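Structure first, then comments.
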Amino acid sequence: MITQKIDLYEYFKIEKPKGARGVLTSYIRDLSPEIDPARKAPAMLVIPGGGYYMVSDREGEPVAMRYLALGFNSFVLNYSVAEDSALKYPYQIAEAAMAMAYLRLNADKLNIDPEKIAAVGFSAGGHLCAMLGSFHNCPDVDKVFKPTVCVKPNAIVLGYPVISSDIVFAHTGSFKNLCGEENKELMKKTDVLNLIDENSAPAFIWSTFNDNVVPCQNALATALQYKKAGVPVSVHVFGKGEHGLSVADQTVYKNDKALKEMSVSIPEWVRLSVEWLEEQGIYTTAK
């Protein structure tokens with residue numbers, strides 16, 4: 001496996017603001033003459049959550065490794081957050097766009113198919129992933145980074161995503177960290193329910209019935225909006241499970257309390273997402 005860290009600001013020769021992150025970590029399969037060395041893998045851009053305050057390690061490398069095992073070359077985005085920076089929107093979406101541009105511009109070097117790039121995001125990272133899937137041509141991004149290639153993922157996977165600031169079950173803290181405490185206009189502008197249209201990337205969404213941090217109403221409302229727009233969508237609401245389950249096994253927990261209190265089928269979300277991605281034409285093997 002080949003791993004490396006890419007400072008996206010440095011790569012694109014953009015002056016990096018104080019406290020900005022914008023770092024992409026790659027997890028790439030080695031080529032072997034025993035396996036078709038010319039085969040191009042699909043790519044998975046992993047966007048961890050953390051309420052736009054921090055970036056969760058639990059939703060980064062463990063997720064990348066799971067998709068790597070299923071045939072994807074994986075890339076984890078460490079994006080700017082309130083924990084160490086005053087940077088707010090549009091830096092987060094600009095950094096996600098930089099990551100997508102880097103993948104497409106370097107597809108040959110990274111041994112990936114530029115037309116088979118998906119993105120997966122969790123909680124606030126799910127919100128960022130959903131924005132990337134629907135807001136990829138956002139004029140605000142140009143203030144930070146002007147893409148020369150399409151930065152829309154071919155499909156997205158959303159785990160217990162933050163979606164809207166304007167519903168009863170909203171996670172308002174994420175929007176305050178992204179937009180500012182009282183910027184209601186920007187919160188409305190970045191509301192995923194207002195962004196989804198017929199040009200949005202297809203979406204696989206999962207949540208749990210008893211998530212009391214980002215309730216499953218967010219996932220369900222989003223699925224209905226994709227359906228209304230005529231965009232392929234798959235939604236799964238598992239019976240039991242706390243917020244932030246990630247890949248839902250011992251690799252992401254210090255103890256097994258959360259695992260004992262969740263539906264046993266939740267770890268299957270990864271396999272289900274890959275099955276759905278194949279339905280969207282993002283195959284993990286040459287076909």
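The way I read the labels, and the way they are meant: chains A, B, ... in the order of the structure tokens, residue 1 as the first residue of every chain, and ligand 1 as the first ligand shown, with later ones counted on from there.
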For A:Asn218: contacts at 12 Å, only C-alpha atoms, fewer than 3 positions along chain excluded, given as a PyMOL selection string: chain A and resi 123-124+126-127+158-171+191-193+205-209+211-215+221-225+235+237
Every residue of stretch 52-129 of chain A that DSSP places in alpha helix (DSSP H), as an MDAnalysis selection string: chainID A and resid 61:69 91:105 107:110 124:129
Counting only C-alpha atoms, the option among A:Arg271, A:Lys184, A:Arg29, A:Lys189 closest to A:Phe204: A:Arg271
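Residues in contact with stretch 275-279 of chain A at up to 9 Å, not including ones fewer than 5 positions away on its chain and judged by only C-alpha atoms, are Ala118, Ala155, Ile156, Val157, Phe204, Ser234, Val270 and Thr284 of chain A.
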Residues flagged strand (DSSP E or B) by DSSP in stretch 42-174 of chain A, as number ranges by chain: A: 42-47, 73-78, 112-122, 155-159
Dump N, CA and C atoms for the selected residues as a PDB file, in the first residue's frame?
ATOM      1  N   PRO A  42     -11.619   2.261  -8.735  1.00  0.00           N
ATOM      2  CA  PRO A  42     -12.442   3.422  -8.375  1.00  0.00           C
ATOM      3  C   PRO A  42     -11.812   4.105  -7.165  1.00  0.00           C
ATOM      4  N   ALA A  43     -12.191   5.326  -6.919  1.00  0.00           N
ATOM      5  CA  ALA A  43     -11.647   6.081  -5.786  1.00  0.00           C
ATOM      6  C   ALA A  43     -12.755   6.438  -4.813  1.00  0.00           C
ATOM      7  N   MET A  44     -12.387   6.515  -3.532  1.00  0.00           N
ATOM      8  CA  MET A  44     -13.315   6.956  -2.498  1.00  0.00           C
ATOM      9  C   MET A  44     -12.675   8.094  -1.706  1.00  0.00           C
ATOM     10  N   LEU A  45     -13.298   9.266  -1.768  1.00  0.00           N
ATOM     11  CA  LEU A  45     -12.878  10.411  -0.964  1.00  0.00           C
ATOM     12  C   LEU A  45     -13.639  10.352   0.353  1.00  0.00           C
ATOM     13  N   VAL A  46     -12.925  10.254   1.458  1.00  0.00           N
ATOM     14  CA  VAL A  46     -13.527  10.123   2.785  1.00  0.00           C
ATOM     15  C   VAL A  46     -13.509  11.478   3.489  1.00  0.00           C
ATOM     16  N   ILE A  47     -14.693  11.916   3.950  1.00  0.00           N
ATOM     17  CA  ILE A  47     -14.822  13.214   4.613  1.00  0.00           C
ATOM     18  C   ILE A  47     -15.377  12.975   6.022  1.00  0.00           C
ATOM     19  N   ASN A  73      -9.228   2.706  -4.190  1.00  0.00           N
ATOM     20  CA  ASN A  73      -8.140   3.512  -3.655  1.00  0.00           C
ATOM     21  C   ASN A  73      -8.796   4.644  -2.877  1.00  0.00           C
ATOM     22  N   SER A  74      -8.342   4.853  -1.642  1.00  0.00           N
ATOM     23  CA  SER A  74      -9.059   5.743  -0.732  1.00  0.00           C
ATOM     24  C   SER A  74      -8.222   6.962  -0.358  1.00  0.00           C
ATOM     25  N   PHE A  75      -8.936   8.054  -0.057  1.00  0.00           N
ATOM     26  CA  PHE A  75      -8.287   9.331   0.229  1.00  0.00           C
ATOM     27  C   PHE A  75      -9.085  10.037   1.321  1.00  0.00           C
ATOM     28  N   VAL A  76      -8.412  10.431   2.396  1.00  0.00           N
ATOM     29  CA  VAL A  76      -9.089  11.071   3.530  1.00  0.00           C
ATOM     30  C   VAL A  76      -8.780  12.561   3.540  1.00  0.00           C
ATOM     31  N   LEU A  77      -9.826  13.376   3.602  1.00  0.00           N
ATOM     32  CA  LEU A  77      -9.679  14.823   3.623  1.00  0.00           C
ATOM     33  C   LEU A  77      -9.697  15.344   5.059  1.00  0.00           C
ATOM     34  N   ASN A  78      -8.633  16.032   5.441  1.00  0.00           N
ATOM     35  CA  ASN A  78      -8.571  16.754   6.709  1.00  0.00           C
ATOM     36  C   ASN A  78      -8.800  18.229   6.379  1.00  0.00           C
ATOM     37  N   ILE A 112      -6.350   5.468 -10.613  1.00  0.00           N
ATOM     38  CA  ILE A 112      -7.798   5.472 -10.426  1.00  0.00           C
ATOM     39  C   ILE A 112      -8.484   5.865 -11.725  1.00  0.00           C
ATOM     40  N   ASP A 113      -9.751   5.498 -11.821  1.00  0.00           N
ATOM     41  CA  ASP A 113     -10.585   5.883 -12.951  1.00  0.00           C
ATOM     42  C   ASP A 113     -11.223   7.233 -12.633  1.00  0.00           C
ATOM     43  N   PRO A 114     -10.950   8.276 -13.385  1.00  0.00           N
ATOM     44  CA  PRO A 114     -11.479   9.607 -13.058  1.00  0.00           C
ATOM     45  C   PRO A 114     -12.991   9.716 -13.154  1.00  0.00           C
ATOM     46  N   GLU A 115     -13.629   8.724 -13.793  1.00  0.00           N
ATOM     47  CA  GLU A 115     -15.092   8.729 -13.906  1.00  0.00           C
ATOM     48  C   GLU A 115     -15.740   7.780 -12.914  1.00  0.00           C
ATOM     49  N   LYS A 116     -14.936   7.284 -11.960  1.00  0.00           N
ATOM     50  CA  LYS A 116     -15.470   6.409 -10.912  1.00  0.00           C
ATOM     51  C   LYS A 116     -14.949   6.887  -9.561  1.00  0.00           C
ATOM     52  N   ILE A 117     -15.260   8.131  -9.239  1.00  0.00           N
ATOM     53  CA  ILE A 117     -14.836   8.718  -7.969  1.00  0.00           C
ATOM     54  C   ILE A 117     -16.066   9.011  -7.119  1.00  0.00           C
ATOM     55  N   ALA A 118     -16.160   8.332  -5.993  1.00  0.00           N
ATOM     56  CA  ALA A 118     -17.251   8.564  -5.046  1.00  0.00           C
ATOM     57  C   ALA A 118     -16.703   9.295  -3.831  1.00  0.00           C
ATOM     58  N   ALA A 119     -17.611   9.826  -3.024  1.00  0.00           N
ATOM     59  CA  ALA A 119     -17.224  10.471  -1.768  1.00  0.00           C
ATOM     60  C   ALA A 119     -18.153   9.982  -0.675  1.00  0.00           C
ATOM     61  N   VAL A 120     -17.601   9.791   0.525  1.00  0.00           N
ATOM     62  CA  VAL A 120     -18.391   9.377   1.678  1.00  0.00           C
ATOM     63  C   VAL A 120     -18.141  10.355   2.810  1.00  0.00           C
ATOM     64  N   GLY A 121     -19.221  10.800   3.458  1.00  0.00           N
ATOM     65  CA  GLY A 121     -19.090  11.749   4.555  1.00  0.00           C
ATOM     66  C   GLY A 121     -19.988  11.382   5.713  1.00  0.00           C
ATOM     67  N   PHE A 122     -19.583  11.797   6.910  1.00  0.00           N
ATOM     68  CA  PHE A 122     -20.296  11.437   8.134  1.00  0.00           C
ATOM     69  C   PHE A 122     -20.674  12.689   8.921  1.00  0.00           C
ATOM     70  N   ALA A 155     -20.841   9.767  -7.343  1.00  0.00           N
ATOM     71  CA  ALA A 155     -21.888   9.362  -6.402  1.00  0.00           C
ATOM     72  C   ALA A 155     -21.389   9.696  -5.000  1.00  0.00           C
ATOM     73  N   ILE A 156     -22.323   9.806  -4.060  1.00  0.00           N
ATOM     74  CA  ILE A 156     -21.937  10.100  -2.683  1.00  0.00           C
ATOM     75  C   ILE A 156     -22.597   9.136  -1.710  1.00  0.00           C
ATOM     76  N   VAL A 157     -21.947   8.938  -0.571  1.00  0.00           N
ATOM     77  CA  VAL A 157     -22.462   8.105   0.515  1.00  0.00           C
ATOM     78  C   VAL A 157     -22.514   8.980   1.757  1.00  0.00           C
ATOM     79  N   LEU A 158     -23.673   9.059   2.397  1.00  0.00           N
ATOM     80  CA  LEU A 158     -23.875   9.942   3.538  1.00  0.00           C
ATOM     81  C   LEU A 158     -24.229   9.133   4.773  1.00  0.00           C
ATOM     82  N   GLY A 159     -23.379   9.191   5.806  1.00  0.00           N
ATOM     83  CA  GLY A 159     -23.645   8.500   7.057  1.00  0.00           C
ATOM     84  C   GLY A 159     -24.155   9.465   8.111  1.00  0.00           C
TER      85      GLY A 159
END
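The space separating atom CA of A:Arg58 from atom CA of A:Asn154 comes to 24.6 Å.
Picture a line from atom CA of A:Val144 to atom CA of A:Val231; it runs 28.9 Å.
The neighbours of A:Lys143 here are the residues that come within 12 Å of it, using only C-alpha atoms and leaving out any residue fewer than 3 positions away in the same chain; they are Ile14, Tyr89, Pro90, Tyr91, Ile93, Ala94, Glu95, Cys138, Pro139, Asp140, Lys146 and Pro147 of chain A.
Of the listed residues (A:Tyr27, A:Ser265, A:Val252, A:Gln217), A:Ser265 comes nearest to A:Lys240; the distances count only C-alpha atoms.
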